[in-house]
file my_file_2.cif (mmCIF, C-alpha atoms)
data_coords
#
loop_
_atom_site.label_atom_id
_atom_site.label_comp_id
_atom_site.auth_asym_id
_atom_site.auth_seq_id
_atom_site.Cartn_x
_atom_site.Cartn_y
_atom_site.Cartn_z
CA LEU E 1 10.12 6.24 -8.95
CA ALA E 2 8.19 8.94 -10.75
CA LYS E 3 6.46 11.36 -8.41
CA THR E 4 2.70 11.54 -8.59
CA THR E 5 0.28 14.35 -7.84
CA GLN E 6 -3.37 13.76 -7.00
CA PRO E 7 -6.15 15.89 -5.53
CA ILE E 8 -6.17 15.59 -1.76
CA SER E 9 -9.87 14.94 -1.55
CA MET E 10 -13.04 14.57 -3.60
CA ASP E 11 -16.71 14.40 -2.76
CA SER E 12 -19.41 12.60 -4.69
CA TYR E 13 -22.99 11.52 -4.37
CA GLU E 14 -23.99 7.92 -4.57
CA GLY E 15 -24.70 6.75 -8.10
CA GLN E 16 -22.42 9.24 -9.80
CA GLU E 17 -19.33 8.50 -11.83
CA VAL E 18 -16.11 9.62 -10.17
CA ASN E 19 -12.94 10.44 -12.05
CA ILE E 20 -9.68 10.87 -10.16
CA THR E 21 -6.79 12.24 -12.13
CA CYS E 22 -3.14 11.64 -11.31
CA SER E 23 -0.23 13.59 -12.77
CA HIS E 24 3.08 11.85 -13.34
CA ASN E 25 5.08 14.12 -15.61
CA ASN E 26 8.36 12.25 -15.12
CA ILE E 27 7.06 8.79 -15.91
CA ALA E 28 9.71 6.57 -17.46
CA THR E 29 9.35 4.32 -20.47
CA ASN E 30 9.27 1.15 -18.36
CA ASP E 31 6.88 2.48 -15.72
CA TYR E 32 3.41 1.09 -15.22
CA ILE E 33 0.55 2.98 -13.59
CA THR E 34 -1.19 1.27 -10.72
CA TRP E 35 -4.05 2.30 -8.47
CA TYR E 36 -4.70 1.00 -4.97
CA GLN E 37 -7.69 1.54 -2.69
CA GLN E 38 -7.47 1.75 1.08
CA PHE E 39 -10.33 1.69 3.56
CA PRO E 40 -9.81 3.03 7.07
CA SER E 41 -7.74 0.74 9.28
CA GLN E 42 -7.14 -1.74 6.46
CA GLY E 43 -4.28 -2.50 4.12
CA PRO E 44 -4.41 -1.21 0.54
CA ARG E 45 -6.06 -3.27 -2.16
CA PHE E 46 -5.04 -3.40 -5.82
CA ILE E 47 -7.64 -1.90 -8.15
CA ILE E 48 -6.23 -1.64 -11.64
CA GLN E 49 -3.04 -1.29 -13.63
CA GLY E 50 -2.20 -0.03 -17.09
CA TYR E 51 0.58 1.08 -19.38
CA LYS E 52 -1.22 3.05 -22.08
CA THR E 53 -4.67 3.73 -23.58
CA LYS E 54 -7.57 2.28 -21.64
CA VAL E 55 -7.92 -0.60 -19.23
CA THR E 56 -11.20 -1.78 -17.77
CA ASN E 57 -12.02 -4.39 -15.17
CA GLU E 58 -15.03 -5.25 -13.07
CA VAL E 59 -14.58 -2.34 -10.67
CA ALA E 60 -12.93 0.52 -12.56
CA SER E 61 -11.50 1.92 -15.75
CA LEU E 62 -8.12 3.51 -16.23
CA PHE E 63 -7.56 6.07 -18.96
CA ILE E 64 -4.01 6.90 -20.00
CA PRO E 65 -3.33 9.49 -22.73
CA ALA E 66 -0.67 8.97 -25.37
CA ASP E 67 1.98 11.01 -23.54
CA ARG E 68 1.36 9.00 -20.33
CA LYS E 69 2.01 12.06 -18.19
CA SER E 70 -1.28 11.62 -16.43
CA SER E 71 -3.91 8.99 -15.83
CA THR E 72 -7.53 8.96 -14.73
CA LEU E 73 -9.18 6.39 -12.56
CA SER E 74 -12.88 6.16 -13.31
CA LEU E 75 -15.31 4.62 -10.83
CA PRO E 76 -18.77 4.11 -12.34
CA ARG E 77 -21.83 4.68 -10.18
CA VAL E 78 -20.11 4.93 -6.81
CA SER E 79 -21.76 3.75 -3.64
CA LEU E 80 -21.19 4.62 -0.01
CA SER E 81 -18.83 1.67 0.25
CA ASP E 82 -16.47 3.31 -2.23
CA THR E 83 -15.54 5.89 0.39
CA ALA E 84 -11.81 5.32 0.73
CA VAL E 85 -8.39 6.70 -0.11
CA TYR E 86 -7.19 6.03 -3.65
CA TYR E 87 -3.49 5.93 -4.41
CA CYS E 88 -1.87 6.34 -7.80
CA LEU E 89 1.58 4.76 -8.16
CA VAL E 90 3.99 4.58 -11.05
CA GLY E 91 7.02 2.38 -11.32
CA ALA E 92 8.77 -0.36 -13.22
CA ASP E 93 9.05 -3.99 -12.33
CA THR E 94 12.68 -4.46 -11.36
CA GLY E 95 12.31 -7.89 -9.86
CA THR E 96 11.96 -8.97 -6.28
CA ALA E 97 13.33 -5.68 -4.98
CA SER E 98 10.66 -3.60 -6.66
CA LYS E 99 9.23 -1.12 -4.17
CA LEU E 100 5.99 0.79 -4.09
CA THR E 101 6.08 4.46 -3.16
CA PHE E 102 2.75 5.77 -1.98
CA GLY E 103 1.94 9.43 -2.49
CA THR E 104 -0.64 11.41 -0.59
CA GLY E 105 -3.60 9.69 -2.20
CA THR E 106 -7.09 11.07 -2.85
CA ARG E 107 -9.64 10.78 -0.10
CA LEU E 108 -13.02 10.10 -1.73
CA GLN E 109 -16.13 10.73 0.32
CA VAL E 110 -19.38 9.38 -1.07
CA THR E 111 -22.65 10.56 0.44
CA LEU E 112 -26.35 9.99 -0.20
CA GLY S 1 -6.18 -12.30 -5.02
CA ALA S 2 -3.63 -13.71 -2.61
CA VAL S 3 -4.28 -13.40 1.11
CA VAL S 4 -1.99 -11.95 3.74
CA SER S 5 -2.77 -12.06 7.44
CA GLN S 6 -1.32 -10.14 10.34
CA HIS S 7 -1.33 -10.89 14.02
CA PRO S 8 -2.22 -9.26 16.27
CA SER S 9 -4.66 -6.82 14.71
CA ARG S 10 -4.35 -4.50 17.66
CA VAL S 11 -1.88 -4.28 20.52
CA ILE S 12 -1.46 -1.95 23.45
CA CYS S 13 1.77 -2.03 25.39
CA LYS S 14 3.69 -0.09 27.98
CA SER S 15 6.60 2.12 27.06
CA GLY S 16 9.87 0.20 27.06
CA THR S 17 8.45 -3.17 26.14
CA SER S 18 8.93 -5.04 22.87
CA VAL S 19 6.15 -6.05 20.52
CA LYS S 20 6.23 -8.67 17.79
CA ILE S 21 3.95 -8.51 14.77
CA GLU S 22 3.52 -11.50 12.48
CA CYS S 23 2.80 -11.35 8.78
CA ARG S 24 1.79 -14.50 6.93
CA SER S 25 1.06 -15.19 3.30
CA LEU S 26 -1.72 -17.76 3.48
CA ASP S 27 -2.03 -19.06 -0.05
CA PHE S 28 1.17 -18.07 -1.80
CA GLN S 29 4.89 -18.01 -1.20
CA ALA S 30 6.25 -14.54 -0.72
CA THR S 31 9.90 -14.35 -1.59
CA THR S 32 9.79 -10.70 -0.67
CA MET S 33 7.77 -9.05 2.05
CA PHE S 34 7.51 -5.36 2.84
CA TRP S 35 6.76 -3.51 6.06
CA TYR S 36 5.03 -0.14 6.06
CA ARG S 37 4.04 2.31 8.75
CA GLN S 38 1.11 4.67 8.50
CA PHE S 39 0.30 7.52 10.85
CA PRO S 40 -3.25 8.92 11.07
CA LYS S 41 -4.40 10.74 7.95
CA GLN S 42 -1.06 10.09 6.27
CA SER S 43 0.15 7.86 3.49
CA LEU S 44 1.98 4.58 3.84
CA MET S 45 5.71 4.84 4.40
CA LEU S 46 7.91 1.92 3.49
CA MET S 47 10.08 0.86 6.40
CA ALA S 48 11.94 -2.14 5.04
CA THR S 49 12.10 -4.82 2.41
CA SER S 50 12.53 -8.38 3.60
CA ASN S 51 13.78 -11.25 1.49
CA GLU S 52 13.43 -14.81 2.71
CA GLY S 53 16.60 -16.07 4.31
CA SER S 54 18.51 -12.81 4.18
CA LYS S 55 18.81 -9.58 6.10
CA ALA S 56 16.19 -6.93 5.59
CA THR S 57 16.93 -3.74 3.71
CA TYR S 58 15.82 -0.70 5.65
CA GLU S 59 14.73 2.64 4.23
CA GLN S 60 16.65 5.74 5.14
CA GLY S 61 15.79 6.96 8.59
CA VAL S 62 14.45 3.65 9.87
CA GLU S 63 16.46 2.25 12.77
CA LYS S 64 17.28 -1.37 12.06
CA ASP S 65 18.12 -2.08 15.71
CA LYS S 66 14.76 -0.81 16.82
CA PHE S 67 12.64 -2.48 14.16
CA LEU S 68 13.87 -6.05 13.91
CA ILE S 69 12.66 -7.96 10.88
CA ASN S 70 12.91 -11.70 10.41
CA HIS S 71 11.83 -13.50 7.25
CA ALA S 72 12.63 -17.09 8.06
CA SER S 73 10.26 -18.76 5.63
CA LEU S 74 8.43 -18.02 2.40
CA THR S 75 5.18 -17.51 4.28
CA LEU S 76 6.19 -15.71 7.46
CA SER S 77 7.86 -12.43 8.28
CA THR S 78 7.95 -10.81 11.69
CA LEU S 79 8.50 -7.24 12.80
CA THR S 80 9.62 -6.66 16.38
CA VAL S 81 9.41 -3.15 17.74
CA THR S 82 12.00 -3.12 20.51
CA SER S 83 11.77 -0.81 23.51
CA ALA S 84 8.64 0.76 22.14
CA HIS S 85 7.83 4.39 22.95
CA PRO S 86 4.68 6.43 22.43
CA GLU S 87 6.04 7.90 19.19
CA ASP S 88 6.11 4.35 17.77
CA SER S 89 2.33 4.21 18.03
CA SER S 90 1.15 3.72 14.48
CA PHE S 91 -0.57 1.40 12.02
CA TYR S 92 1.87 -1.22 10.75
CA ILE S 93 1.08 -2.96 7.48
CA CYS S 94 2.92 -5.76 5.75
CA SER S 95 2.68 -6.95 2.18
CA GLY S 96 3.89 -9.86 0.17
CA ARG S 97 5.03 -9.93 -3.40
CA ALA S 98 4.18 -12.94 -5.50
CA SER S 99 4.31 -13.85 -9.12
CA GLY S 100 1.06 -12.49 -10.38
CA THR S 101 -0.66 -11.00 -13.30
CA TYR S 102 0.37 -7.43 -12.66
CA TYR S 103 3.74 -5.77 -12.38
CA ASN S 104 4.87 -4.83 -8.89
CA GLU S 105 1.65 -6.18 -7.46
CA GLN S 106 1.75 -6.51 -3.70
CA PHE S 107 -0.83 -8.14 -1.47
CA PHE S 108 -1.34 -6.30 1.77
CA GLY S 109 -2.25 -7.54 5.20
CA PRO S 110 -5.04 -5.97 7.25
CA GLY S 111 -2.60 -4.03 9.40
CA THR S 112 -1.72 -3.95 13.10
CA ARG S 113 -2.62 -0.98 15.26
CA LEU S 114 0.10 -0.43 17.86
CA THR S 115 -0.53 1.86 20.80
CA VAL S 116 2.30 2.50 23.22
CA LEU S 117 1.29 4.01 26.53
#
call {"tool": "encode", "arguments": {"input": "my_file_2.cif", "output": "structure tokens"}}
result
Amino acid sequence: LAKTTQPISMDSYEGQEVNITCSHNNIATNDYITWYQQFPSQGPRFIIQGYKTKVTNEVASLFIPADRKSSTLSLPRVSLSDTAVYYCLVGADTGTASKLTFGTGTRLQVTL
Amino acid sequence: GAVVSQHPSRVICKSGTSVKIECRSLDFQATTMFWYRQFPKQSLMLMATSNEGSKATYEQGVEKDKFLINHASLTLSTLTVTSAHPEDSSFYICSGRASGTYYNEQFFGPGTRLTVL
């Protein structure tokens, strides 16, 4: 699986837009980019997935440039409840044996 | 999304005893389940991949005789930590893989906090 690099931590105030960038220089043609969110003492939760360009759902947007060597998770108007660790993962779907490899993640702290 | 439960949510045991953790997919059939371990302030580390009806595949460095995994049905996988020691204290998380909208999507349980005294 392609290795990912993210900032270790980020701070934001409530109501601001937060952008977390992930580098994945060795991404393969068949790899997808997926972001998970994890609150303390809970299992991770799927946020969004994309292959190229832009993907948007009810909670976030994912921006992927043409070369796909990086991606940016955008959280609009964060609230205190968005304080969590955000993981960027890249990998291809190889069937039932597909594994997820979690990197260090980005610890987002939202304050008033 | 699909729901995965774990039981117990928290367990404290004495050194040398064995502990069993259950992972259930409540509203979907999980052909494949995964077990992760997470130490404080660290990322999730995959321990093993479990396919229903077959032996689990362990990641390098994970002792298969210490961490026994059973995946007897499409909705239940169990992890037994045998002869637990304080260094096994950790947060254990399972996940299930189902046919979904997204590639490689896994649905995670709430985790089990194991403390070995």
call {"tool": "interface_residues", "arguments": {"input": "my_file_2.cif", "of": "chain E", "to": "chain S", "cutoff": "12 Å", "atoms": "all atoms listed in the file", "output": "JSON, numbers by chain"}}
result
{"E": [8, 9, 30, 31, 32, 33, 34, 35, 36, 37, 38, 39, 40, 41, 42, 43, 44, 45, 46, 47, 48, 49, 50, 51, 84, 85, 86, 87, 88, 89, 90, 91, 92, 93, 94, 95, 96, 97, 98, 99, 100, 101, 102, 103, 104, 105, 106, 107]}
call {"tool": "atom_distance", "arguments": {"input": "my_file_2.cif", "atom1": "atom CA of E:Ile27", "atom2": "atom CA of E:Thr4"}}
result
9.0 Å
call {"tool": "resolve_selection", "arguments": {"input": "my_file_2.cif", "expression": "the PyMOL selection byres ((chain E and resi 74) around 8)", "output": "list in words"}}
result
Glu17, Val18, Asn19, Ile20, Ala60, Ser61, Leu62, Phe63, Thr72, Leu73, Leu75 and Pro76 of chain E
call {"tool": "atom_distance", "arguments": {"input": "my_file_2.cif", "atom1": "atom CA of S:Trp35", "atom2": "atom CA of S:Val3"}}
result
15.6 Å
call {"tool": "residues_near_point", "arguments": {"input": "my_file_2.cif", "point": "(-0.3, 7.3, -26.8)", "cutoff": "12 Å", "atoms": "all atoms listed in the file", "output": "JSON list (two decimals) with C-alpha atoms, keeping the file's coordinate frame"}}
result
[["chain", "number", "residue", "atom", "x", "y", "z"],
["E", 29, "THR", "CA", 9.35, 4.32, -20.47],
["E", 51, "TYR", "CA", 0.58, 1.08, -19.38],
["E", 52, "LYS", "CA", -1.22, 3.05, -22.08],
["E", 53, "THR", "CA", -4.67, 3.73, -23.58],
["E", 54, "LYS", "CA", -7.57, 2.28, -21.64],
["E", 63, "PHE", "CA", -7.56, 6.07, -18.96],
["E", 64, "ILE", "CA", -4.01, 6.90, -20.00],
["E", 65, "PRO", "CA", -3.33, 9.49, -22.73],
["E", 66, "ALA", "CA", -0.67, 8.97, -25.37],
["E", 67, "ASP", "CA", 1.98, 11.01, -23.54],
["E", 68, "ARG", "CA", 1.36, 9.00, -20.33],
["E", 69, "LYS", "CA", 2.01, 12.06, -18.19],
["E", 70, "SER", "CA", -1.28, 11.62, -16.43],
["E", 71, "SER", "CA", -3.91, 8.99, -15.83]]
call {"tool": "atom_distance", "arguments": {"input": "my_file_2.cif", "atom1": "atom CA of S:Cys23", "atom2": "atom CA of S:Ile69"}}
result
10.6 Å
call {"tool": "residues_around", "arguments": {"input": "my_file_2.cif", "residues": "E:Val78", "least_positions_apart": "4", "cutoff": "9 Å", "atoms": "only C-alpha atoms", "output": "number ranges by chain"}}
result
E: 12-18, 82-83, 110
call {"tool": "resolve_selection", "arguments": {"input": "my_file_2.cif", "expression": "the PyMOL selection byres ((chain S and resi 22) around 6)", "output": "ChimeraX atom specification"}}
result
/S:6-7,21,23,78
call {"tool": "write_last_selection", "arguments": {"input": "my_file_2.cif", "atoms": "C-alpha atoms", "output": "PDB file, in the coordinates of the input"}}
result
ATOM      1  CA  GLN S   6      -1.320 -10.140  10.340  1.00  0.00           C
ATOM      2  CA  HIS S   7      -1.330 -10.890  14.020  1.00  0.00           C
ATOM      3  CA  ILE S  21       3.950  -8.510  14.770  1.00  0.00           C
ATOM      4  CA  CYS S  23       2.800 -11.350   8.780  1.00  0.00           C
ATOM      5  CA  THR S  78       7.950 -10.810  11.690  1.00  0.00           C
TER       6      THR S  78
END
call {"tool": "closest_residue", "arguments": {"input": "my_file_2.cif", "among": "S:Lys66, S:Ala2, S:Ser15, S:Pro8", "to": "S:Val116", "atoms": "only C-alpha atoms"}}
result
S:Ser15
